[in-house]
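Pasted below: final19.txt, compact mmCIF, C-alpha atoms.
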```
# COMPACT_ATOMS: atom_id res chain seq x y z
CA MET A 24 19.85 -3.86 -18.70
CA LYS A 25 17.98 -5.26 -15.71
CA GLN A 26 18.14 -8.96 -14.85
CA ILE A 27 14.92 -10.46 -13.56
CA ALA A 28 14.68 -13.92 -12.01
CA VAL A 29 11.36 -15.50 -12.97
CA LEU A 30 10.05 -18.21 -10.64
CA PRO A 31 6.75 -19.40 -12.18
CA GLY A 32 6.12 -21.98 -9.46
CA ASP A 33 2.95 -24.06 -9.28
CA GLY A 34 -0.68 -23.98 -10.35
CA ILE A 35 -1.56 -20.82 -12.26
CA GLY A 36 1.89 -19.37 -11.57
CA PRO A 37 3.33 -20.17 -15.01
CA GLU A 38 0.28 -18.65 -16.74
CA VAL A 39 0.29 -15.30 -14.93
CA THR A 40 4.08 -14.90 -14.94
CA GLY A 41 4.14 -15.68 -18.66
CA GLU A 42 1.77 -12.79 -19.30
CA ALA A 43 3.74 -10.54 -16.92
CA VAL A 44 6.99 -11.21 -18.80
CA GLN A 45 5.27 -10.18 -22.04
CA LEU A 46 4.05 -7.01 -20.33
CA LEU A 47 7.58 -6.16 -19.16
CA GLU A 48 8.87 -6.78 -22.67
CA GLU A 49 6.27 -4.32 -23.97
CA VAL A 50 7.32 -1.77 -21.34
CA GLY A 51 10.89 -2.22 -22.55
CA ILE A 52 9.89 -1.62 -26.17
CA GLN A 53 7.79 1.44 -25.39
CA PHE A 54 10.26 3.10 -23.01
CA GLY A 55 13.60 1.92 -24.36
CA HIS A 56 14.60 -0.48 -21.55
CA THR A 57 16.11 -3.96 -21.73
CA PHE A 58 14.94 -6.65 -19.32
CA HIS A 59 16.74 -10.00 -19.27
CA PHE A 60 14.77 -12.93 -17.88
CA GLN A 61 16.18 -16.11 -16.34
CA TYR A 62 13.93 -18.89 -15.08
CA ALA A 63 14.20 -21.20 -12.08
CA ASP A 64 12.04 -23.59 -10.04
CA ILE A 65 10.53 -23.09 -6.61
CA GLY A 66 7.84 -24.80 -4.56
CA GLY A 67 6.14 -28.01 -5.63
CA CYS A 68 7.68 -28.19 -9.10
CA ALA A 69 11.13 -27.84 -7.50
CA LEU A 70 10.27 -30.59 -5.01
CA ASP A 71 9.34 -32.93 -7.85
CA LYS A 72 12.53 -32.21 -9.78
CA THR A 73 15.13 -31.86 -7.03
CA GLY A 74 13.59 -33.03 -3.74
CA THR A 75 13.77 -29.54 -2.21
CA PRO A 76 11.34 -26.61 -2.53
CA LEU A 77 14.22 -24.10 -2.81
CA PRO A 78 17.14 -25.44 -4.86
CA GLU A 79 20.50 -23.77 -4.35
CA GLU A 80 20.58 -22.80 -8.06
CA THR A 81 17.33 -20.89 -7.61
CA LEU A 82 18.62 -19.08 -4.56
CA GLN A 83 21.87 -18.17 -6.32
CA LEU A 84 20.02 -16.83 -9.38
CA CYS A 85 17.85 -14.66 -7.14
CA ARG A 86 20.88 -13.27 -5.33
CA GLU A 87 22.46 -12.30 -8.67
CA SER A 88 19.32 -10.65 -10.07
CA ASP A 89 18.03 -7.09 -9.84
CA ALA A 90 14.48 -8.24 -9.04
CA ILE A 91 12.47 -11.43 -8.70
CA LEU A 92 9.06 -12.18 -10.24
CA LEU A 93 7.26 -15.09 -8.57
CA GLY A 94 4.01 -16.75 -9.61
CA ALA A 95 2.69 -19.00 -6.82
CA VAL A 96 3.61 -22.09 -4.82
CA GLY A 97 1.64 -25.00 -3.44
CA GLY A 98 -1.20 -27.35 -4.27
CA PRO A 99 -3.02 -30.45 -2.96
CA LYS A 100 -0.37 -32.76 -4.41
CA TRP A 101 2.12 -31.63 -1.76
CA ASP A 102 -0.21 -30.97 1.18
CA HIS A 103 0.75 -33.97 3.27
CA GLY A 104 4.53 -33.77 3.33
CA PRO A 105 6.58 -32.72 6.37
CA GLY A 106 7.12 -29.01 6.90
CA GLU A 107 10.48 -28.80 5.18
CA LYS A 108 9.12 -30.74 2.19
CA ARG A 109 6.14 -28.48 1.52
CA PRO A 110 6.17 -25.93 -1.33
CA GLU A 111 5.59 -23.05 1.09
CA ALA A 112 8.92 -23.83 2.75
CA GLY A 113 10.60 -22.69 -0.46
CA LEU A 114 8.95 -19.29 -0.30
CA LEU A 115 9.63 -18.89 3.41
CA GLY A 116 13.24 -19.92 2.83
CA LEU A 117 13.65 -17.41 0.02
CA ARG A 118 12.30 -14.61 2.20
CA LYS A 119 14.65 -15.57 5.01
CA GLU A 120 17.77 -16.09 2.89
CA LEU A 121 17.33 -12.77 1.04
CA GLN A 122 16.21 -10.95 4.21
CA LEU A 123 13.01 -9.76 2.55
CA TYR A 124 11.78 -8.28 5.77
CA ALA A 125 9.11 -5.82 4.55
CA ASN A 126 6.07 -7.00 2.60
CA LEU A 127 4.09 -4.22 0.92
CA ARG A 128 0.50 -4.95 -0.08
CA PRO A 129 -1.42 -2.05 -1.59
CA VAL A 130 -5.20 -2.31 -1.67
CA ILE A 131 -6.92 -0.02 -4.16
CA VAL A 132 -10.61 -0.24 -4.99
CA PHE A 133 -10.97 0.50 -8.68
CA PRO A 134 -14.30 2.30 -9.17
CA ALA A 135 -15.13 -0.01 -12.09
CA LEU A 136 -14.93 -3.00 -9.71
CA ALA A 137 -16.94 -1.61 -6.81
CA ASN A 138 -19.74 -4.07 -7.55
CA ALA A 139 -17.33 -7.02 -7.48
CA SER A 140 -16.71 -6.64 -3.75
CA SER A 141 -19.00 -8.22 -1.18
CA LEU A 142 -19.17 -4.86 0.62
CA LYS A 143 -21.48 -1.99 -0.28
CA ALA A 144 -20.14 0.53 -2.78
CA GLU A 145 -20.49 3.41 -0.31
CA VAL A 146 -18.27 1.57 2.21
CA LEU A 147 -15.55 1.19 -0.43
CA GLU A 148 -15.51 4.79 -1.60
CA GLY A 149 -12.05 6.32 -1.35
CA VAL A 150 -10.27 3.11 -0.24
CA ASP A 151 -6.54 3.30 -1.03
CA LEU A 152 -4.37 1.73 1.65
CA MET A 153 -0.96 0.11 2.06
CA ILE A 154 -0.40 -2.80 4.44
CA ILE A 155 3.22 -3.33 5.50
CA ARG A 156 3.86 -6.74 7.00
CA GLU A 157 7.04 -7.84 8.78
CA LEU A 158 8.08 -10.92 6.83
CA THR A 159 11.12 -12.69 8.27
CA GLY A 160 10.39 -12.98 12.01
CA GLY A 161 7.61 -13.89 14.37
CA LEU A 162 5.64 -17.10 14.67
CA TYR A 163 6.52 -18.42 11.20
CA PHE A 164 10.25 -18.55 11.92
CA GLY A 165 10.65 -18.73 15.72
CA GLN A 166 12.42 -21.63 17.43
CA PRO A 167 11.74 -24.02 19.03
CA ARG A 168 8.94 -25.42 16.94
CA GLY A 169 7.62 -28.91 16.37
CA ARG A 170 5.59 -31.71 17.91
CA LYS A 171 6.29 -34.48 20.37
CA GLN A 172 4.42 -37.36 21.97
CA THR A 173 3.36 -36.95 25.60
CA ASP A 174 1.22 -38.95 28.01
CA GLN A 175 -1.64 -36.65 26.97
CA GLY A 176 -1.13 -37.26 23.27
CA LEU A 177 0.70 -35.08 20.81
CA ALA A 178 1.99 -31.72 22.05
CA VAL A 179 3.01 -28.92 19.69
CA VAL A 180 4.95 -25.69 20.05
CA ASP A 181 5.42 -22.64 17.83
CA THR A 182 7.52 -19.75 19.09
CA LEU A 183 6.73 -16.08 18.47
CA TYR A 184 10.17 -14.49 18.56
CA TYR A 185 11.18 -10.93 17.64
CA THR A 186 14.21 -8.80 18.36
CA GLU A 187 13.93 -5.06 18.83
CA ALA A 188 16.11 -4.58 15.74
CA GLU A 189 13.73 -6.63 13.56
CA ILE A 190 10.76 -4.61 14.75
CA GLU A 191 12.56 -1.30 14.36
CA ARG A 192 13.59 -1.79 10.71
CA VAL A 193 10.09 -2.62 9.47
CA LEU A 194 8.62 0.25 11.48
CA ARG A 195 11.11 2.65 9.92
CA LYS A 196 10.13 1.41 6.48
CA ALA A 197 6.47 1.96 7.38
CA PHE A 198 7.06 5.50 8.64
CA GLU A 199 8.98 6.35 5.45
CA ILE A 200 6.13 5.04 3.28
CA ALA A 201 3.49 6.79 5.39
CA ARG A 202 5.45 10.03 5.04
CA VAL A 203 5.04 10.03 1.23
CA ARG A 204 1.38 8.97 1.42
CA LYS A 205 -1.11 10.70 3.75
CA LYS A 206 1.13 10.82 6.84
CA HIS A 207 -1.09 8.52 8.89
CA LEU A 208 0.30 5.22 10.20
CA VAL A 209 -1.74 2.61 12.07
CA SER A 210 0.40 0.09 13.96
CA VAL A 211 -1.52 -3.13 14.64
CA ASP A 212 -0.67 -5.38 17.59
CA LYS A 213 -2.14 -7.42 20.46
CA ALA A 214 -0.47 -5.47 23.26
CA ASN A 215 -3.20 -6.31 25.77
CA VAL A 216 -2.09 -9.98 25.70
CA LEU A 217 1.31 -10.52 24.07
CA ASP A 218 4.75 -9.44 25.30
CA SER A 219 5.95 -9.34 21.70
CA SER A 220 3.21 -6.81 20.90
CA ARG A 221 4.09 -4.69 23.92
CA LEU A 222 7.67 -4.44 22.63
CA TRP A 223 6.26 -3.67 19.18
CA ARG A 224 4.17 -0.80 20.57
CA GLU A 225 7.02 0.59 22.67
CA THR A 226 9.32 0.56 19.64
CA ALA A 227 6.70 2.24 17.45
CA ASP A 228 6.31 5.04 20.01
CA ARG A 229 10.08 5.51 20.19
CA ILE A 230 10.61 5.54 16.41
CA GLY A 231 7.56 7.74 15.94
CA LYS A 232 9.30 10.62 17.70
CA GLU A 233 11.67 10.78 14.71
CA TYR A 234 8.70 11.30 12.37
CA PRO A 235 6.71 14.12 13.97
CA ASP A 236 4.94 14.80 10.67
CA VAL A 237 3.39 11.31 10.69
CA LYS A 238 0.39 10.64 12.92
CA LEU A 239 0.87 7.30 14.70
CA GLU A 240 -2.15 5.35 15.89
CA HIS A 241 -2.18 1.98 17.68
CA MET A 242 -4.93 -0.56 17.06
CA LEU A 243 -5.50 -4.06 18.45
CA VAL A 244 -5.60 -6.69 15.73
CA ASP A 245 -9.15 -7.88 16.43
CA ASN A 246 -10.41 -4.31 16.18
CA ALA A 247 -8.37 -3.75 13.02
CA ALA A 248 -9.99 -6.80 11.41
CA MET A 249 -13.42 -5.37 12.22
CA GLN A 250 -12.57 -1.83 11.09
CA LEU A 251 -11.27 -3.07 7.72
CA VAL A 252 -14.77 -4.18 6.79
CA ARG A 253 -16.66 -1.50 8.74
CA LYS A 254 -14.86 1.61 7.45
CA PRO A 255 -11.77 0.72 5.38
CA SER A 256 -11.33 4.30 4.13
CA GLN A 257 -10.09 5.32 7.61
CA PHE A 258 -6.79 3.53 6.88
CA ASP A 259 -3.92 4.83 4.79
CA THR A 260 -0.74 3.02 5.90
CA VAL A 261 -0.86 -0.02 8.20
CA VAL A 262 2.11 -1.87 9.72
CA THR A 263 2.04 -5.10 11.68
CA GLU A 264 3.90 -8.30 12.49
CA ASN A 265 4.10 -11.40 10.33
CA MET A 266 1.03 -13.49 11.18
CA PHE A 267 -1.32 -10.54 11.76
CA GLY A 268 -0.20 -9.09 8.43
CA ASP A 269 -0.78 -12.38 6.65
CA ILE A 270 -4.39 -12.51 7.84
CA LEU A 271 -5.30 -8.83 7.57
CA SER A 272 -3.88 -8.39 4.08
CA ASP A 273 -5.91 -11.33 2.77
CA GLU A 274 -9.00 -9.88 4.42
CA ALA A 275 -8.27 -6.52 2.81
CA ALA A 276 -7.89 -8.21 -0.56
CA MET A 277 -11.64 -8.73 -0.69
CA LEU A 278 -12.18 -4.98 -0.58
CA SER A 279 -10.86 -4.91 -4.14
CA GLY A 280 -13.35 -7.55 -5.25
CA SER A 281 -10.95 -10.44 -5.80
CA LEU A 282 -7.65 -11.88 -4.63
CA GLY A 283 -6.78 -11.65 -8.32
CA MET A 284 -6.40 -7.88 -7.93
CA LEU A 285 -3.89 -7.78 -5.05
CA PRO A 286 -0.15 -7.38 -5.78
CA SER A 287 2.75 -7.44 -3.35
CA ALA A 288 6.39 -6.45 -3.00
CA SER A 289 8.83 -7.92 -0.50
CA LEU A 290 11.86 -5.71 0.09
CA SER A 291 15.25 -6.12 1.75
CA GLU A 292 17.74 -3.50 2.91
CA ASP A 293 19.86 -3.56 -0.26
CA GLY A 294 19.20 -6.78 -2.20
CA PRO A 295 16.70 -7.70 -4.92
CA GLY A 296 12.99 -7.24 -4.26
CA LEU A 297 10.51 -10.07 -4.71
CA TYR A 298 7.24 -9.32 -6.52
CA GLU A 299 4.28 -11.69 -6.51
CA PRO A 300 0.49 -11.74 -6.65
CA VAL A 301 -1.26 -12.62 -3.40
CA HIS A 302 -3.81 -15.01 -4.89
CA GLY A 303 -1.90 -18.29 -4.53
CA SER A 304 -1.66 -21.20 -6.96
CA ALA A 305 -5.43 -21.75 -7.56
CA PRO A 306 -4.93 -25.40 -8.61
CA ASP A 307 -8.63 -25.77 -9.45
CA ILE A 308 -8.20 -23.56 -12.55
CA ALA A 309 -4.54 -24.23 -13.35
CA GLY A 310 -3.81 -24.83 -17.01
CA GLN A 311 -7.26 -23.65 -18.14
CA ASN A 312 -6.31 -20.09 -19.21
CA LEU A 313 -8.85 -18.69 -16.72
CA ALA A 314 -6.59 -16.98 -14.16
CA ASN A 315 -6.72 -13.24 -13.59
CA PRO A 316 -3.23 -11.84 -14.38
CA LEU A 317 -3.94 -8.31 -13.12
CA ALA A 318 -2.47 -8.84 -9.63
CA THR A 319 0.75 -10.00 -11.29
CA PHE A 320 0.64 -6.98 -13.64
CA LEU A 321 0.22 -4.68 -10.63
CA SER A 322 3.18 -6.49 -9.02
CA VAL A 323 5.16 -5.64 -12.17
CA ALA A 324 4.23 -1.98 -11.64
CA MET A 325 5.58 -2.25 -8.07
CA MET A 326 8.79 -3.78 -9.43
CA LEU A 327 9.22 -0.90 -11.85
CA LYS A 328 8.66 1.58 -9.02
CA TYR A 329 10.53 0.08 -6.06
CA SER A 330 13.39 -1.91 -7.66
CA PHE A 331 14.04 0.05 -10.87
CA HIS A 332 12.77 3.52 -9.82
CA LEU A 333 10.84 3.82 -13.09
CA GLU A 334 7.90 5.81 -11.79
CA LYS A 335 6.56 6.87 -15.20
CA GLU A 336 6.60 3.30 -16.47
CA ALA A 337 4.86 2.03 -13.32
CA GLN A 338 2.13 4.63 -13.70
CA ALA A 339 1.65 3.68 -17.35
CA VAL A 340 1.06 0.03 -16.41
CA GLU A 341 -1.38 1.01 -13.67
CA GLN A 342 -3.23 3.36 -15.99
CA ALA A 343 -3.53 0.69 -18.70
CA ILE A 344 -5.09 -1.68 -16.15
CA ARG A 345 -7.47 1.02 -14.97
CA LYS A 346 -8.63 1.77 -18.53
CA VAL A 347 -9.14 -1.92 -19.33
CA LEU A 348 -11.40 -2.22 -16.29
CA ASP A 349 -13.19 1.06 -17.00
CA ASP A 350 -14.03 -0.23 -20.47
CA GLY A 351 -15.70 -3.28 -18.97
CA TYR A 352 -13.21 -6.06 -19.60
CA ARG A 353 -13.21 -8.76 -16.93
CA THR A 354 -11.72 -12.16 -16.18
CA ARG A 355 -13.99 -14.83 -14.75
CA ASP A 356 -13.35 -13.94 -11.10
CA LEU A 357 -14.42 -10.33 -11.70
CA ALA A 358 -17.34 -10.83 -14.08
CA GLN A 359 -20.89 -10.46 -12.81
CA GLU A 360 -23.43 -13.13 -13.71
CA GLY A 361 -24.15 -12.99 -17.42
CA GLU A 362 -21.12 -10.83 -18.26
CA PRO A 363 -18.55 -12.10 -20.77
CA ALA A 364 -15.15 -13.02 -19.35
CA LEU A 365 -11.71 -12.81 -20.92
CA SER A 366 -9.13 -15.57 -20.67
CA THR A 367 -5.72 -15.01 -19.08
CA THR A 368 -4.07 -14.45 -22.45
CA GLU A 369 -6.87 -12.20 -23.71
CA MET A 370 -6.59 -9.97 -20.64
CA GLY A 371 -2.83 -9.81 -21.16
CA GLU A 372 -3.34 -8.74 -24.78
CA LYS A 373 -5.82 -6.04 -23.74
CA VAL A 374 -3.50 -4.53 -21.13
CA ARG A 375 -0.55 -4.48 -23.53
CA ALA A 376 -2.71 -2.84 -26.20
CA TYR A 377 -3.91 -0.18 -23.75
CA LEU A 378 -0.31 0.38 -22.63
CA LYS A 379 0.67 1.15 -26.23
CA GLN A 380 -2.24 3.57 -26.50
CA GLU A 381 -1.25 5.22 -23.23
CA ILE A 382 2.28 5.84 -24.51
CA SER A 383 1.20 7.06 -27.96
CA VAL A 384 -1.22 9.68 -26.61
```
Representation of the structure as structure tokens:
Amino acid sequence: MKQIAVLPGDGIGPEVTGEAVQLLEEVGIQFGHTFHFQYADIGGCALDKTGTPLPEETLQLCRESDAILLGAVGGPKWDHGPGEKRPEAGLLGLRKELQLYANLRPVIVFPALANASSLKAEVLEGVDLMIIRELTGGLYFGQPRGRKQTDQGLAVVDTLYYTEAEIERVLRKAFEIARVRKKHLVSVDKANVLDSSRLWRETADRIGKEYPDVKLEHMLVDNAAMQLVRKPSQFDTVVTENMFGDILSDEAAMLSGSLGMLPSASLSEDGPGLYEPVHGSAPDIAGQNLANPLATFLSVAMMLKYSFHLEKEAQAVEQAIRKVLDDGYRTRDLAQEGEPALSTTEMGEKVRAYLKQEISV
């Protein structure tokens, strides 16, 4: 039996995680596994109930679980609070406390969705890449940080801080992943300007000598942003620091046609992994049964693969999603003008039905 902590969070989070739990239950039925789900609050809903975006009970449940499924955090209601009282502080705190240092974001262009992207179909042909983002260091966590009053008005400071050990562990993870993909790793930095990036590049070169079968390429972040939309198929595995990875992975999400198609996994050395869609809380459609649950379903597939080592089950989930799309089913964010669109629950039902078919064949 595997214990999964479910953190629905805010906005559309409860809707997509609800469908994901049903999908995992179906996987359990079809493959003979038992998943036990326990729920806890994080983000804005936790702030409203407890005054903190990451209650201690939530953190303790996550520590005791085999994996964590998270929906989304944030929304306009909480946008004007101080930093430590914002929903995002709960997610950042969870990453830091569990040392979830490596964020994996696969970007796959499903042929059936080629027309959903803003890029030409020929540019998207063959796109299948993995972005690995360092998640617990850098500008988002460095100290000192804050604001103070000066004779020239407010002054602010954010500190970009990395140790060699932090850089080395995420690079090793990236080399290991590149080794089982196409053996091509692009390390993204800003080494022409930043000392932190120069250390990043030096460390990548040093670690790369241990992986002679993996081709290492360095790319400046501004060029990487351009190349992702110019010729995304040139990339296979990409590794970068926290803020660059945050921006580039959201840019890459649009290659797939919608943020609703992008899953993620955040991994530690030996603790539970955190699995969440990239799309955010989408408060404008929350509670309307319109959200696309497929990114959360693909996150479930990553959970099955990386936390539970159930490769066959992960492939079955991915294949069910592929067949649903191939047969023309779409949620509102994916539908072309004039096409019918499924609700969140209807898409969940379709994927579970196709999963059953996949197993019975």
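Of the residues listed (A:Asp259, A:Glu187, A:Asp356, A:Glu199), A:Asp259 shows the shortest atom-to-atom separation from Gly149 of chain A; distances use all atoms listed in the file.
Close contacts of segment 208-224 of chain A, defined as residues with an atom at most 7 Å away when counting only C-alpha atoms, with chain neighbours fewer than 4 positions off set aside, comprise Tyr185, Ile190, Phe198, Ala201, Asp228, Val237, Lys238, Leu239, Glu240, His241, Met242, Leu243, Val244, Asp259, Thr260, Val261, Val262 and Thr263 of chain A.
Ranking A:Ala63, A:Pro286, A:Glu191, A:Thr75 by their shortest atom-to-atom distance to Asp273 of chain A, with only C-alpha atoms included, puts A:Pro286 first.
Distances from A:His332, A:Lys119, A:His103, A:Arg168 to Leu82 of chain A were compared using all atoms listed in the file, and the smallest one belongs to A:Lys119.
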Item to check | Residues within 8 Å of segment 25-42 of chain A, only C-alpha atoms, excluding chain neighbours under 2 positions, as a VMD selection string | outcome: chain A and resid 44 to 46 57 to 69 84 to 85 88 to 98 304 to 306 308 to 310 312 314 to 316 319 367 to 368 371
Can you find the residues with an atom no farther than 9 Å from (-18.0, -5.7, -9.7), counting all atoms listed in the file, and report them as a tab-separated table (two decimals) with C-alpha atoms, keeping the file's coordinate frame?
```tsv
chain	number	residue	atom	x	y	z
A	134	PRO	CA	-14.30	2.30	-9.17
A	135	ALA	CA	-15.13	-0.01	-12.09
A	136	LEU	CA	-14.93	-3.00	-9.71
A	137	ALA	CA	-16.94	-1.61	-6.81
A	138	ASN	CA	-19.74	-4.07	-7.55
A	139	ALA	CA	-17.33	-7.02	-7.48
A	140	SER	CA	-16.71	-6.64	-3.75
A	141	SER	CA	-19.00	-8.22	-1.18
A	280	GLY	CA	-13.35	-7.55	-5.25
A	357	LEU	CA	-14.42	-10.33	-11.70
A	358	ALA	CA	-17.34	-10.83	-14.08
A	359	GLN	CA	-20.89	-10.46	-12.81
```
Item to check | Expected answer as number ranges by chain: all residues with atoms within 12 Å of (-2.7, -1.1, -26.2), only C-alpha atoms | outcome: A: 46, 49-50, 53, 339-340, 342-344, 346-347, 370-384
Checklist outcome for this item: Between atom CA of Leu271 of chain A and atom CA of Gly231 of chain A lies a distance of 22.6 Å
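Minimum atom-to-atom distances from A:Met284, A:Leu348, A:Leu327, A:Val132 to Val146 of chain A were compared using all atoms listed in the file, and the lowest value belongs to A:Val132.
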Next on the checklist: Report as a PyMOL selection string all protein, DNA and RNA residues lying within 10 Å of Gly116 of chain A, evaluated on all atoms listed in the file, omitting residues in the same chain fewer than 4 positions from it.
Outcome noted: chain A and resi 76-77+82+107+111-112+120-122+159+164
Checklist entry - atom CA of Asp102 of chain A and atom CA of Gly296 of chain A are how many Å apart? => result 27.7 Å
Checklist outcome for this item: If you count all atoms listed in the file, the residue of A:Leu321, A:Tyr124, A:Phe133, A:Ala188 closest to Asp349 of chain A turns out to be A:Phe133
Next on the checklist: Let me make sure I understand: among A:Val301, A:Asp269, A:Thr81, A:Gly160, which one has the smallest atom-to-atom distance to Thr186 of chain A if we use all atoms listed in the file?
Outcome noted: A:Gly160
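Coordinates place atom CA of Pro295 of chain A at a distance of 8.3 Å from atom CA of Glu87 of chain A.
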